[in-house]
file target-v8.cif (mmCIF, C-alpha atoms (C1' of nucleotides))
data_query
#
loop_
_atom_site.label_atom_id
_atom_site.label_comp_id
_atom_site.auth_asym_id
_atom_site.auth_seq_id
_atom_site.Cartn_x
_atom_site.Cartn_y
_atom_site.Cartn_z
CA MET J 43 79.97 68.77 27.20
CA LYS J 44 76.45 68.69 28.58
CA LYS J 45 73.59 69.82 26.40
CA PRO J 46 72.14 73.20 27.34
CA GLU J 47 68.70 71.72 28.03
CA GLU J 48 70.21 69.15 30.34
CA GLN J 49 72.34 71.70 32.10
CA PHE J 50 69.35 73.95 32.66
CA LEU J 51 67.19 71.13 34.02
CA ASP J 52 70.00 70.05 36.32
CA TYR J 53 70.30 73.57 37.58
CA LEU J 54 66.58 73.82 38.25
CA ALA J 55 66.64 70.54 40.14
CA ARG J 56 69.66 71.52 42.17
CA LYS J 57 68.05 74.79 43.20
CA ARG J 58 64.61 73.24 43.76
CA LEU J 59 63.19 75.40 41.03
CA LYS J 60 60.34 74.32 38.83
CA ASN J 61 60.25 73.26 35.26
CA THR J 62 57.55 75.34 33.64
CA SER J 63 56.32 75.54 30.10
CA GLN J 64 57.35 79.19 29.88
CA ARG J 65 60.92 78.35 30.82
CA MET J 66 61.13 75.60 28.23
CA THR J 67 59.65 77.84 25.56
CA ILE J 68 62.11 80.59 26.35
CA LEU J 69 65.04 78.19 26.42
CA SER J 70 64.16 76.74 23.06
CA ALA J 71 63.79 80.18 21.50
CA PHE J 72 66.99 81.37 23.11
CA LEU J 73 69.05 78.48 21.77
CA ARG J 74 67.62 79.06 18.32
CA GLN J 75 68.50 82.76 18.18
CA LYS J 76 71.86 83.68 16.74
CA ALA J 77 72.38 87.39 17.29
CA HIS J 78 73.34 89.21 20.45
CA LEU J 79 69.85 90.29 21.36
CA SER J 80 68.86 92.58 24.17
CA THR J 81 66.18 91.42 26.56
CA GLU J 82 63.73 93.72 24.82
CA GLU J 83 64.59 92.53 21.33
CA PHE J 84 64.41 88.91 22.38
CA TYR J 85 61.10 89.50 24.09
CA LEU J 86 59.62 91.09 20.99
CA GLN J 87 60.77 88.16 18.87
CA LEU J 88 59.39 85.63 21.28
CA ARG J 89 56.10 87.42 21.63
CA LYS J 90 55.33 86.85 17.95
CA GLU J 91 54.96 83.13 18.54
CA HIS J 92 54.10 83.17 22.22
CA PRO J 93 52.08 86.27 23.03
CA GLY J 94 51.20 85.04 26.48
CA ILE J 95 54.69 85.24 27.95
CA GLY J 96 55.42 88.41 29.90
CA TYR J 97 58.51 90.54 29.81
CA ALA J 98 59.27 89.91 33.46
CA THR J 99 59.36 86.18 32.89
CA VAL J 100 61.66 86.54 29.92
CA HIS J 101 63.96 88.75 31.93
CA ARG J 102 64.03 86.39 34.88
CA THR J 103 64.60 83.38 32.70
CA LEU J 104 67.48 84.94 30.81
CA LYS J 105 69.09 85.67 34.17
CA LEU J 106 68.64 82.03 35.10
CA PHE J 107 70.38 81.04 31.89
CA ALA J 108 73.29 83.23 32.82
CA GLU J 109 73.42 81.77 36.33
CA CYS J 110 73.51 78.21 35.12
CA GLY J 111 76.14 78.95 32.53
CA ILE J 112 74.30 78.51 29.26
CA ALA J 113 74.16 82.23 28.55
CA SER J 114 76.43 85.13 29.17
CA GLU J 115 75.47 88.72 29.72
CA ARG J 116 77.10 91.33 27.54
CA ASN J 117 77.06 95.06 27.74
CA PHE J 118 78.26 96.97 24.71
CA GLY J 119 77.71 100.35 26.25
CA ASP J 120 74.40 101.08 24.58
CA GLY J 121 72.53 100.86 27.85
CA GLN J 122 70.96 97.51 27.07
CA MET J 123 71.97 94.19 28.47
CA ARG J 124 72.52 91.55 25.85
CA PHE J 125 72.60 87.79 26.15
CA GLU J 126 74.41 85.27 24.02
CA VAL J 127 74.57 81.50 24.14
CA SER J 128 77.81 80.67 25.89
CA LEU J 129 77.67 76.92 26.30
CA GLY J 130 79.33 75.30 23.32
CA ASN J 131 80.39 78.70 22.07
CA GLU J 132 83.79 79.11 23.57
CA HIS J 133 85.38 82.30 24.70
CA HIS J 134 85.58 85.11 22.21
CA ASP J 135 85.68 88.88 21.99
CA HIS J 136 83.65 91.24 19.85
CA LEU J 137 83.81 93.65 16.96
CA VAL J 138 80.86 96.03 17.25
CA CYS J 139 79.83 98.08 14.22
CA THR J 140 78.86 101.56 15.33
CA SER J 141 76.96 102.17 12.13
CA CYS J 142 74.73 99.12 11.61
CA GLY J 143 75.00 97.57 15.06
CA GLN J 144 76.25 94.24 13.77
CA ILE J 145 78.29 92.28 16.26
CA LEU J 146 81.04 89.96 15.04
CA GLU J 147 82.95 87.53 17.20
CA PHE J 148 86.64 86.81 17.13
CA GLU J 149 89.17 84.89 19.09
CA ASN J 150 92.85 85.60 19.43
CA GLN J 151 94.98 83.37 21.55
CA GLN J 152 97.96 85.71 21.54
CA ILE J 153 95.88 88.52 23.02
CA GLU J 154 94.59 86.14 25.68
CA GLN J 155 98.12 85.20 26.61
CA LEU J 156 99.27 88.81 26.77
CA GLN J 157 96.38 89.59 29.10
CA ILE J 158 97.55 86.86 31.40
CA ASP J 159 101.05 88.33 31.30
CA VAL J 160 99.74 91.80 32.12
CA ALA J 161 97.79 90.44 35.06
CA ARG J 162 100.84 88.63 36.34
CA THR J 163 103.03 91.69 36.24
CA HIS J 164 100.41 93.52 38.34
CA ASN J 165 99.98 90.57 40.69
CA PHE J 166 96.33 90.54 39.70
CA ILE J 167 94.11 87.45 39.50
CA ILE J 168 91.87 87.55 36.44
CA GLU J 169 88.31 86.38 36.92
CA ASP J 170 86.90 87.73 33.70
CA HIS J 171 87.71 90.13 30.95
CA ARG J 172 86.19 91.95 28.05
CA LEU J 173 87.64 93.19 24.85
CA GLU J 174 85.57 95.03 22.31
CA LEU J 175 86.61 96.82 19.17
CA TYR J 176 84.19 99.49 18.01
CA GLY J 177 84.17 100.82 14.48
CA LEU J 178 82.87 100.23 10.99
CA CYS J 179 82.27 96.78 9.63
CA SER J 180 83.23 95.90 6.12
CA ALA J 181 79.75 96.56 4.71
CA CYS J 182 79.43 99.94 6.36
CA HIS J 183 82.72 101.45 5.30
CA THR J 184 82.89 100.09 1.79
CA THR J 185 79.48 101.46 0.86
CA GLU J 186 80.14 104.87 2.38
CA GLN J 187 76.94 104.43 4.31
CA PRO J 188 76.57 107.34 6.71
CA PRO J 189 76.15 106.39 10.36
CA VAL J 190 72.56 106.27 11.53
CA SER J 191 71.96 109.48 13.42
CA MET E 172 99.90 119.41 23.67
CA LYS E 173 97.39 122.03 24.68
CA LYS E 174 96.55 122.48 28.33
CA PRO E 175 93.16 121.16 29.38
CA GLU E 176 91.97 124.60 30.50
CA GLU E 177 92.96 126.08 27.19
CA GLN E 178 91.34 123.28 25.24
CA PHE E 179 88.11 123.68 27.15
CA LEU E 180 88.01 127.44 26.67
CA ASP E 181 88.70 127.02 22.96
CA TYR E 182 85.87 124.56 22.75
CA LEU E 183 83.47 126.90 24.50
CA ALA E 184 84.45 129.73 22.18
CA ARG E 185 84.10 127.60 19.08
CA LYS E 186 80.62 126.52 20.11
CA ARG E 187 79.58 129.96 21.31
CA LEU E 188 79.14 128.61 24.80
CA LYS E 189 79.72 130.65 27.89
CA ASN E 190 82.48 130.60 30.40
CA THR E 191 80.79 130.37 33.77
CA SER E 192 82.16 130.12 37.26
CA GLN E 193 80.51 126.72 37.74
CA ARG E 194 82.26 125.34 34.69
CA MET E 195 85.64 126.58 35.86
CA THR E 196 85.08 125.23 39.34
CA ILE E 197 84.12 121.84 37.98
CA LEU E 198 87.05 121.77 35.58
CA SER E 199 89.50 122.55 38.29
CA ALA E 200 88.10 119.87 40.58
CA PHE E 201 87.99 117.37 37.76
CA LEU E 202 91.62 117.88 36.82
CA ARG E 203 92.62 117.48 40.43
CA GLN E 204 90.81 114.19 40.98
CA LYS E 205 92.75 111.05 40.33
CA ALA E 206 90.39 108.12 40.54
CA HIS E 207 87.82 106.95 38.05
CA LEU E 208 84.86 108.59 39.69
CA SER E 209 81.25 108.22 38.71
CA THR E 210 79.21 111.36 38.20
CA GLU E 211 77.58 110.78 41.55
CA GLU E 212 80.85 110.26 43.40
CA PHE E 213 82.40 113.28 41.79
CA TYR E 214 79.35 115.38 42.59
CA LEU E 215 79.46 114.37 46.24
CA GLN E 216 83.15 115.28 46.43
CA LEU E 217 82.62 118.61 44.77
CA ARG E 218 79.64 119.44 46.91
CA LYS E 219 81.81 119.44 50.01
CA GLU E 220 83.61 122.56 48.85
CA HIS E 221 80.97 123.97 46.56
CA PRO E 222 77.53 123.17 47.93
CA GLY E 223 75.80 125.49 45.51
CA ILE E 224 76.52 123.52 42.36
CA GLY E 225 73.75 121.23 41.23
CA TYR E 226 74.00 117.68 40.03
CA ALA E 227 72.58 118.57 36.62
CA THR E 228 75.33 121.11 36.06
CA VAL E 229 78.01 118.65 37.05
CA HIS E 230 76.56 116.07 34.73
CA ARG E 231 76.31 118.48 31.82
CA THR E 232 79.80 119.79 32.37
CA LEU E 233 81.37 116.35 32.51
CA LYS E 234 79.71 115.61 29.19
CA LEU E 235 81.21 118.81 27.82
CA PHE E 236 84.62 117.65 28.95
CA ALA E 237 84.12 114.41 27.09
CA GLU E 238 83.00 116.27 23.97
CA CYS E 239 86.01 118.52 23.91
CA GLY E 240 88.41 115.68 24.52
CA ILE E 241 89.73 116.37 27.98
CA ALA E 242 87.74 113.57 29.59
CA SER E 243 86.69 110.14 28.49
CA GLU E 244 83.63 108.25 29.57
CA ARG E 245 84.11 104.77 30.93
CA ASN E 246 81.65 102.10 31.77
CA PHE E 247 82.86 99.20 33.87
CA GLY E 248 79.54 97.43 33.89
CA ASP E 249 78.44 98.56 37.32
CA GLY E 250 75.67 100.69 35.91
CA GLN E 251 77.46 103.96 36.53
CA MET E 252 79.19 106.12 34.01
CA ARG E 253 82.70 107.08 35.00
CA PHE E 254 84.92 109.88 33.74
CA GLU E 255 88.66 110.06 33.65
CA VAL E 256 91.05 112.74 32.50
CA SER E 257 92.13 111.73 29.02
CA LEU E 258 94.16 114.68 27.85
CA GLY E 259 97.79 114.10 28.71
CA ASN E 260 96.95 110.62 29.92
CA GLU E 261 97.51 108.55 26.86
CA HIS E 262 95.59 105.47 25.89
CA HIS E 263 95.44 102.69 28.39
CA ASP E 264 93.28 99.80 29.44
CA HIS E 265 92.04 98.81 32.89
CA LEU E 266 92.34 96.22 35.61
CA VAL E 267 89.21 96.39 37.75
CA CYS E 268 89.23 94.79 41.18
CA THR E 269 85.89 93.10 41.81
CA SER E 270 86.51 93.09 45.54
CA CYS E 271 87.61 96.59 46.49
CA GLY E 272 86.64 98.43 43.32
CA GLN E 273 90.10 99.77 42.70
CA ILE E 274 90.86 100.52 39.08
CA LEU E 275 94.42 100.21 37.79
CA GLU E 276 95.60 101.31 34.39
CA PHE E 277 97.94 99.51 32.07
CA GLU E 278 99.23 99.80 28.58
CA ASN E 279 100.41 97.06 26.30
CA GLN E 280 101.60 97.88 22.87
CA GLN E 281 101.62 94.28 21.69
CA ILE E 282 97.94 93.90 22.49
CA GLU E 283 97.21 97.14 20.66
CA GLN E 284 98.99 95.85 17.59
CA LEU E 285 97.20 92.51 17.70
CA GLN E 286 93.88 94.33 17.86
CA ILE E 287 94.79 96.19 14.71
CA ASP E 288 95.66 92.89 13.07
CA VAL E 289 92.34 91.36 14.09
CA ALA E 290 90.47 94.34 12.69
CA ARG E 291 92.36 94.09 9.43
CA THR E 292 91.58 90.43 8.96
CA HIS E 293 87.88 91.27 9.38
CA ASN E 294 88.13 94.30 7.12
CA PHE E 295 86.95 96.37 10.04
CA ILE E 296 87.89 99.99 10.76
CA ILE E 297 88.55 100.55 14.46
CA GLU E 298 87.24 103.78 15.94
CA ASP E 299 87.60 102.83 19.56
CA HIS E 300 88.13 99.85 21.77
CA ARG E 301 87.95 98.74 25.33
CA LEU E 302 89.81 96.10 27.21
CA GLU E 303 89.15 95.43 30.85
CA LEU E 304 90.43 92.66 33.07
CA TYR E 305 88.24 91.95 36.07
CA GLY E 306 89.51 90.11 39.10
CA LEU E 307 91.32 90.49 42.38
CA CYS E 308 94.00 93.06 42.90
CA SER E 309 97.14 92.25 44.76
CA ALA E 310 95.87 93.60 48.09
CA CYS E 311 92.58 91.73 47.90
CA HIS E 312 93.89 88.27 47.13
CA THR E 313 96.96 88.29 49.31
CA THR E 314 95.00 89.20 52.42
CA GLU E 315 92.29 86.63 51.75
CA GLN E 316 89.83 89.42 52.12
CA PRO E 317 86.36 88.12 51.26
CA PRO E 318 84.55 90.03 48.50
CA VAL E 319 82.18 92.68 49.79
CA SER E 320 78.71 91.20 49.58
"C1'" DA Q 30 73.75 149.27 30.75
"C1'" DC Q 31 70.94 146.68 27.24
"C1'" DG Q 32 69.22 142.84 24.97
"C1'" DA Q 33 69.90 138.40 23.08
"C1'" DT Q 34 71.31 134.08 24.32
"C1'" DA Q 35 73.18 130.57 27.21
"C1'" DT Q 36 73.30 128.51 31.88
"C1'" DT Q 37 71.73 127.14 36.22
"C1'" DG Q 38 69.45 124.22 39.89
"C1'" DA Q 39 65.39 121.81 41.27
"C1'" DA Q 40 62.29 118.89 39.94
"C1'" DA Q 41 60.23 116.07 36.59
"C1'" DA Q 42 60.68 112.75 33.00
"C1'" DC Q 43 62.90 109.03 31.03
"C1'" DG Q 44 64.38 104.14 30.13
"C1'" DG Q 45 65.88 99.87 31.20
"C1'" DA Q 46 66.27 96.60 35.05
"C1'" DT Q 47 64.12 94.64 38.86
"C1'" DT Q 48 60.58 93.74 42.32
"C1'" DT Q 49 55.89 93.27 44.10
"C1'" DC Q 50 51.79 90.80 44.57
"C1'" DA Q 51 47.69 88.13 43.96
"C1'" DA Q 52 46.38 84.42 41.02
"C1'" DC Q 53 48.06 80.28 39.32
"C1'" DT Q 54 51.02 76.13 38.47
"C1'" DT Q 55 54.06 72.56 39.88
"C1'" DA Q 56 56.10 69.09 42.83
"C1'" DT Q 57 55.77 66.31 46.70
"C1'" DA Q 58 53.62 63.98 50.48
"C1'" DG Q 59 49.90 61.65 52.17
"C1'" DC W 133 44.72 60.89 43.32
"C1'" DT W 134 44.14 64.89 46.14
"C1'" DA W 135 45.92 68.28 49.25
"C1'" DT W 136 49.14 71.37 50.29
"C1'" DA W 137 53.36 73.79 50.38
"C1'" DA W 138 56.31 76.19 47.60
"C1'" DG W 139 57.66 78.32 43.35
"C1'" DT W 140 56.13 80.92 39.13
"C1'" DT W 141 53.64 84.03 36.39
"C1'" DG W 142 52.22 88.56 34.18
"C1'" DA W 143 50.91 93.23 34.98
"C1'" DA W 144 51.97 96.94 37.20
"C1'" DA W 145 54.73 99.37 40.28
"C1'" DT W 146 59.26 100.57 41.72
"C1'" DC W 147 64.00 101.47 41.39
"C1'" DC W 148 67.94 104.10 40.04
"C1'" DG W 149 71.09 106.43 37.16
"C1'" DT W 150 70.71 109.60 33.25
"C1'" DT W 151 68.75 113.31 30.85
"C1'" DT W 152 65.46 117.01 30.05
"C1'" DT W 153 62.38 120.81 31.34
"C1'" DC W 154 61.64 125.36 32.81
"C1'" DA W 155 61.64 129.72 35.10
"C1'" DA W 156 65.10 132.48 37.12
"C1'" DT W 157 69.74 134.09 36.47
"C1'" DA W 158 74.25 135.06 34.43
"C1'" DT W 159 77.12 136.06 30.46
"C1'" DC W 160 78.63 138.35 26.35
"C1'" DG W 161 78.69 141.54 22.52
"C1'" DT W 162 77.37 146.03 21.47
#
call {"tool": "encode", "arguments": {"input": "target-v8.cif", "output": "structure tokens"}}
result
Amino acid sequence: MKKPEEQFLDYLARKRLKNTSQRMTILSAFLRQKAHLSTEEFYLQLRKEHPGIGYATVHRTLKLFAECGIASERNFGDGQMRFEVSLGNEHHDHLVCTSCGQILEFENQQIEQLQIDVARTHNFIIEDHRLELYGLCSACHTTEQPPVS
Amino acid sequence: MKKPEEQFLDYLARKRLKNTSQRMTILSAFLRQKAHLSTEEFYLQLRKEHPGIGYATVHRTLKLFAECGIASERNFGDGQMRFEVSLGNEHHDHLVCTSCGQILEFENQQIEQLQIDVARTHNFIIEDHRLELYGLCSACHTTEQPPVS
DNA sequence: ACGATATTGAAAACGGATTTCAACTTATAG
DNA sequence: CTATAAGTTGAAATCCGTTTTCAATATCGT
């Protein structure tokens, strides 16, 4: 498994793109972040330490990460695109808390296999899939916390 | 099981909303349509027979359908909201063809059960979920048809 | 029919994603 | 080490689907 930095630099070289300080700064911050941040949220975080970097650059760079395989784009239906580190973080699905917004990851090999079976019975070739469970996380339903309105 | 028309009228009454000709026209067209149409697509269809109805009204009425349970909103990641008849069309998941855009429905009770198990092990209360498999439908991969670019 | 209230359609506003563009930076060739 | 071509940057503009605004209109209860 290649390191993300290496994979990104390889990608830049292959595409004759340039290695800029902004890109390296964004990459380093992206690999450090743990949550499933939207472009906006990530930008606001980054801006604290690097006020000079513009939103457009952050957006473009996150897309580059997705193209070269070190990030994956997620859409949990809240109208914001989210990015997560995908390299070294193997396939998983998500539990999304509709009260606090927390996003948990899970993996279930049986479900994966059943999906393959479903596809086969429909003579369908799977390229990608998404499975998300929406509801209340442990913290939100045990404390009777009302949903944020 | 209540009829969709009945359920909608009940909902209107309960909320002190009014029964207008536009709403009935839209309901009837919506129940007749089979595909998973976006608001825009549905509006363009409807406009052929009913040129007087505005986009805003269609949009608002589709949202009403979702609120009263006869429609459900879907988002397949193409940036458009889609609506499908949900009343009398029990829970199912989707196979989305990335080449021709066709959307097939499927149901798998084993997957449903495994989802419940996953939620339980995370002490998570499921309110909703979505499972979509993206790829090539039978027609698109057997004919070697290149993806639309 | 009246009056209160909801609805309508057109247009404007909204919000996030994406593009434009002139100034600037990087990589490569000389 | 320049010079130069090509890519990148940040701010602002644009895009595009969704949602709201508002004045005119329709509906419903009386």
call {"tool": "atom_distance", "arguments": {"input": "target-v8.cif", "atom1": "CA of Lys57 in chain J", "atom2": "CA of Leu86 in chain J"}}
result
28.8 Å
call {"tool": "residues_around", "arguments": {"input": "target-v8.cif", "residues": "range 148-151 of chain W", "least_positions_apart": "5", "cutoff": "12 Å", "atoms": "all atoms listed in the file", "output": "compact mmCIF listing (two decimals) with C-alpha atoms (C1' of nucleotides), in the frame of the given file"}}
result
# COMPACT_ATOMS: atom_id res chain seq x y z
CA GLY J 121 72.53 100.86 27.85
CA SER E 209 81.25 108.22 38.71
CA THR E 210 79.21 111.36 38.20
CA GLU E 211 77.58 110.78 41.55
CA TYR E 226 74.00 117.68 40.03
CA ALA E 227 72.58 118.57 36.62
CA THR E 228 75.33 121.11 36.06
CA HIS E 230 76.56 116.07 34.73
CA ARG E 231 76.31 118.48 31.82
CA LYS E 234 79.71 115.61 29.19
CA ASP E 249 78.44 98.56 37.32
CA GLY E 250 75.67 100.69 35.91
CA GLN E 251 77.46 103.96 36.53
CA MET E 252 79.19 106.12 34.01
CA ARG E 253 82.70 107.08 35.00
C1' DA Q 41 60.23 116.07 36.59
C1' DA Q 42 60.68 112.75 33.00
C1' DC Q 43 62.90 109.03 31.03
C1' DG Q 44 64.38 104.14 30.13
C1' DG Q 45 65.88 99.87 31.20
C1' DA Q 46 66.27 96.60 35.05
C1' DT Q 47 64.12 94.64 38.86
call {"tool": "residues_near_point", "arguments": {"input": "target-v8.cif", "point": "(76.2, 133.9, 30.8)", "cutoff": "12 Å", "atoms": "only C-alpha atoms (C1' of nucleotides)", "output": "list in words"}}
result
Leu183, Arg187, Leu188, Lys189, Asn190, Thr191, Ser192, Gln193 and Arg194 of chain E; DA33, DT34, DA35, DT36 and DT37 of chain Q; DT157, DA158, DT159, DC160 and DG161 of chain W
call {"tool": "calpha_fit_and_write", "arguments": {"input": "target-v8.cif", "fixed": "chain E", "moving": "chain J", "output": "short mmCIF file (atom, residue, chain, number, x, y, z; two decimals) with C-alpha atoms, in the frame of the given file"}}
result
data_model
loop_
_atom_site.label_atom_id
_atom_site.label_comp_id
_atom_site.auth_asym_id
_atom_site.auth_seq_id
_atom_site.Cartn_x
_atom_site.Cartn_y
_atom_site.Cartn_z
CA MET J 43 99.91 119.48 23.72
CA LYS J 44 97.38 122.10 24.74
CA LYS J 45 96.55 122.54 28.39
CA PRO J 46 93.15 121.19 29.40
CA GLU J 47 91.95 124.62 30.54
CA GLU J 48 92.93 126.13 27.22
CA GLN J 49 91.34 123.34 25.27
CA PHE J 50 88.10 123.71 27.19
CA LEU J 51 87.98 127.48 26.72
CA ASP J 52 88.68 127.07 23.02
CA TYR J 53 85.87 124.60 22.78
CA LEU J 54 83.46 126.93 24.55
CA ALA J 55 84.41 129.77 22.23
CA ARG J 56 84.08 127.64 19.14
CA LYS J 57 80.61 126.50 20.15
CA ARG J 58 79.54 129.95 21.37
CA LEU J 59 79.11 128.59 24.85
CA LYS J 60 79.69 130.64 27.94
CA ASN J 61 82.44 130.60 30.45
CA THR J 62 80.77 130.38 33.82
CA SER J 63 82.15 130.13 37.30
CA GLN J 64 80.50 126.74 37.79
CA ARG J 65 82.24 125.34 34.73
CA MET J 66 85.63 126.60 35.88
CA THR J 67 85.08 125.22 39.37
CA ILE J 68 84.11 121.84 38.01
CA LEU J 69 87.03 121.78 35.60
CA SER J 70 89.52 122.57 38.31
CA ALA J 71 88.11 119.89 40.60
CA PHE J 72 87.99 117.39 37.77
CA LEU J 73 91.63 117.89 36.83
CA ARG J 74 92.62 117.52 40.46
CA GLN J 75 90.82 114.21 40.99
CA LYS J 76 92.78 111.05 40.32
CA ALA J 77 90.39 108.13 40.54
CA HIS J 78 87.83 106.96 38.03
CA LEU J 79 84.87 108.60 39.68
CA SER J 80 81.26 108.23 38.72
CA THR J 81 79.22 111.36 38.19
CA GLU J 82 77.60 110.78 41.56
CA GLU J 83 80.86 110.26 43.41
CA PHE J 84 82.41 113.29 41.79
CA TYR J 85 79.37 115.37 42.61
CA LEU J 86 79.49 114.37 46.26
CA GLN J 87 83.17 115.28 46.44
CA LEU J 88 82.63 118.61 44.78
CA ARG J 89 79.66 119.45 46.92
CA LYS J 90 81.84 119.45 50.04
CA GLU J 91 83.63 122.57 48.86
CA HIS J 92 80.98 123.98 46.58
CA PRO J 93 77.54 123.18 47.95
CA GLY J 94 75.81 125.49 45.53
CA ILE J 95 76.54 123.50 42.39
CA GLY J 96 73.75 121.18 41.28
CA TYR J 97 74.00 117.64 40.05
CA ALA J 98 72.59 118.53 36.66
CA THR J 99 75.32 121.07 36.08
CA VAL J 100 78.02 118.63 37.07
CA HIS J 101 76.57 116.04 34.74
CA ARG J 102 76.32 118.46 31.84
CA THR J 103 79.80 119.78 32.40
CA LEU J 104 81.38 116.35 32.52
CA LYS J 105 79.72 115.62 29.19
CA LEU J 106 81.22 118.81 27.82
CA PHE J 107 84.63 117.65 28.98
CA ALA J 108 84.15 114.44 27.10
CA GLU J 109 83.03 116.29 23.97
CA CYS J 110 86.03 118.56 23.93
CA GLY J 111 88.42 115.71 24.53
CA ILE J 112 89.74 116.40 28.01
CA ALA J 113 87.76 113.57 29.58
CA SER J 114 86.71 110.16 28.50
CA GLU J 115 83.65 108.26 29.57
CA ARG J 116 84.13 104.77 30.93
CA ASN J 117 81.65 102.10 31.75
CA PHE J 118 82.86 99.20 33.84
CA GLY J 119 79.55 97.44 33.85
CA ASP J 120 78.44 98.58 37.28
CA GLY J 121 75.69 100.72 35.84
CA GLN J 122 77.47 103.99 36.52
CA MET J 123 79.22 106.14 34.00
CA ARG J 124 82.72 107.09 35.00
CA PHE J 125 84.94 109.88 33.76
CA GLU J 126 88.70 110.07 33.66
CA VAL J 127 91.07 112.77 32.51
CA SER J 128 92.15 111.76 29.04
CA LEU J 129 94.19 114.71 27.85
CA GLY J 130 97.82 114.12 28.72
CA ASN J 131 96.96 110.65 29.91
CA GLU J 132 97.50 108.57 26.85
CA HIS J 133 95.61 105.49 25.86
CA HIS J 134 95.44 102.69 28.36
CA ASP J 135 93.26 99.80 29.43
CA HIS J 136 92.05 98.82 32.87
CA LEU J 137 92.35 96.23 35.59
CA VAL J 138 89.21 96.41 37.74
CA CYS J 139 89.23 94.81 41.18
CA THR J 140 85.90 93.14 41.80
CA SER J 141 86.49 93.10 45.53
CA CYS J 142 87.60 96.62 46.47
CA GLY J 143 86.64 98.44 43.28
CA GLN J 144 90.12 99.78 42.67
CA ILE J 145 90.88 100.55 39.06
CA LEU J 146 94.43 100.22 37.76
CA GLU J 147 95.62 101.34 34.36
CA PHE J 148 97.95 99.52 32.03
CA GLU J 149 99.24 99.82 28.54
CA ASN J 150 100.42 97.06 26.28
CA GLN J 151 101.61 97.88 22.83
CA GLN J 152 101.63 94.27 21.66
CA ILE J 153 97.95 93.88 22.49
CA GLU J 154 97.21 97.10 20.62
CA GLN J 155 99.00 95.79 17.57
CA LEU J 156 97.21 92.45 17.69
CA GLN J 157 93.89 94.27 17.83
CA ILE J 158 94.80 96.11 14.68
CA ASP J 159 95.68 92.79 13.05
CA VAL J 160 92.36 91.27 14.09
CA ALA J 161 90.49 94.22 12.66
CA ARG J 162 92.37 93.94 9.41
CA THR J 163 91.61 90.28 8.97
CA HIS J 164 87.89 91.11 9.39
CA ASN J 165 88.12 94.13 7.10
CA PHE J 166 86.92 96.21 10.02
CA ILE J 167 87.87 99.83 10.70
CA ILE J 168 88.52 100.42 14.39
CA GLU J 169 87.20 103.65 15.85
CA ASP J 170 87.58 102.75 19.48
CA HIS J 171 88.12 99.80 21.71
CA ARG J 172 87.96 98.71 25.29
CA LEU J 173 89.82 96.09 27.18
CA GLU J 174 89.16 95.42 30.82
CA LEU J 175 90.43 92.68 33.05
CA TYR J 176 88.25 91.95 36.06
CA GLY J 177 89.52 90.12 39.10
CA LEU J 178 91.33 90.52 42.38
CA CYS J 179 94.01 93.10 42.90
CA SER J 180 97.14 92.28 44.78
CA ALA J 181 95.84 93.64 48.09
CA CYS J 182 92.57 91.76 47.89
CA HIS J 183 93.90 88.32 47.12
CA THR J 184 96.94 88.35 49.35
CA THR J 185 94.94 89.26 52.44
CA GLU J 186 92.22 86.71 51.76
CA GLN J 187 89.74 89.53 52.08
CA PRO J 188 86.30 88.21 51.21
CA PRO J 189 84.50 90.07 48.44
CA VAL J 190 82.08 92.71 49.65
CA SER J 191 78.64 91.19 49.38
#
call {"tool": "interface_residues", "arguments": {"input": "target-v8.cif", "of": "chain W", "to": "chain J", "cutoff": "10 Å", "atoms": "all atoms listed in the file", "output": "PyMOL selection string"}}
result
chain W and resi 138-143
call {"tool": "write_last_selection", "arguments": {"input": "target-v8.cif", "atoms": "C-alpha atoms (C1' of nucleotides)", "output": "JSON list (two decimals), in the coordinates of the input"}}
result
[["chain", "number", "residue", "atom", "x", "y", "z"],
["W", 138, "DA", "C1'", 56.31, 76.19, 47.60],
["W", 139, "DG", "C1'", 57.66, 78.32, 43.35],
["W", 140, "DT", "C1'", 56.13, 80.92, 39.13],
["W", 141, "DT", "C1'", 53.64, 84.03, 36.39],
["W", 142, "DG", "C1'", 52.22, 88.56, 34.18],
["W", 143, "DA", "C1'", 50.91, 93.23, 34.98]]
call {"tool": "atom_distance", "arguments": {"input": "target-v8.cif", "atom1": "CA of Phe277 in chain E", "atom2": "CA of Val160 in chain J"}}
result
7.9 Å
call {"tool": "resolve_selection", "arguments": {"input": "target-v8.cif", "expression": "the PyMOL selection byres ((chain J and resi 77) around 12)", "output": "list in words"}}
result
Ala71, Phe72, Leu73, Arg74, Gln75, Lys76, His78, Leu79, Ser80, Thr81, Glu83, Phe84, Gln87, Arg116, Arg124, Phe125, Glu126, Val127, Gly143, Gln144, Ile145, Leu146 and Glu147 of chain J
call {"tool": "residues_near_point", "arguments": {"input": "target-v8.cif", "point": "(84.1, 87.0, 20.5)", "cutoff": "9 Å", "atoms": "only C-alpha atoms (C1' of nucleotides)", "output": "PyMOL selection string"}}
result
chain J and resi 132-137+145-150+173-174
call {"tool": "residues_around", "arguments": {"input": "target-v8.cif", "residues": "DA144 in chain W", "least_positions_apart": "2", "cutoff": "10 Å", "atoms": "only C-alpha atoms (C1' of nucleotides)", "output": "list in words"}}
result
DT49 and DC50 of chain Q; DG142 and DT146 of chain W
call {"tool": "residues_around", "arguments": {"input": "target-v8.cif", "residues": "DA58 in chain Q", "least_positions_apart": "6", "cutoff": "10 Å", "atoms": "all atoms listed in the file", "output": "list in words"}}
result
DA135, DT136 and DA137 of chain W
call {"tool": "resolve_selection", "arguments": {"input": "target-v8.cif", "expression": "the PyMOL selection byres ((chain J and resi 45-49) around 8)", "output": "list of chain:residue names"}}
result
J:Met43, J:Lys44, J:Phe50, J:Leu51, J:Asp52, J:Tyr53, J:Leu69, J:Cys110, J:Ile112, J:Leu129
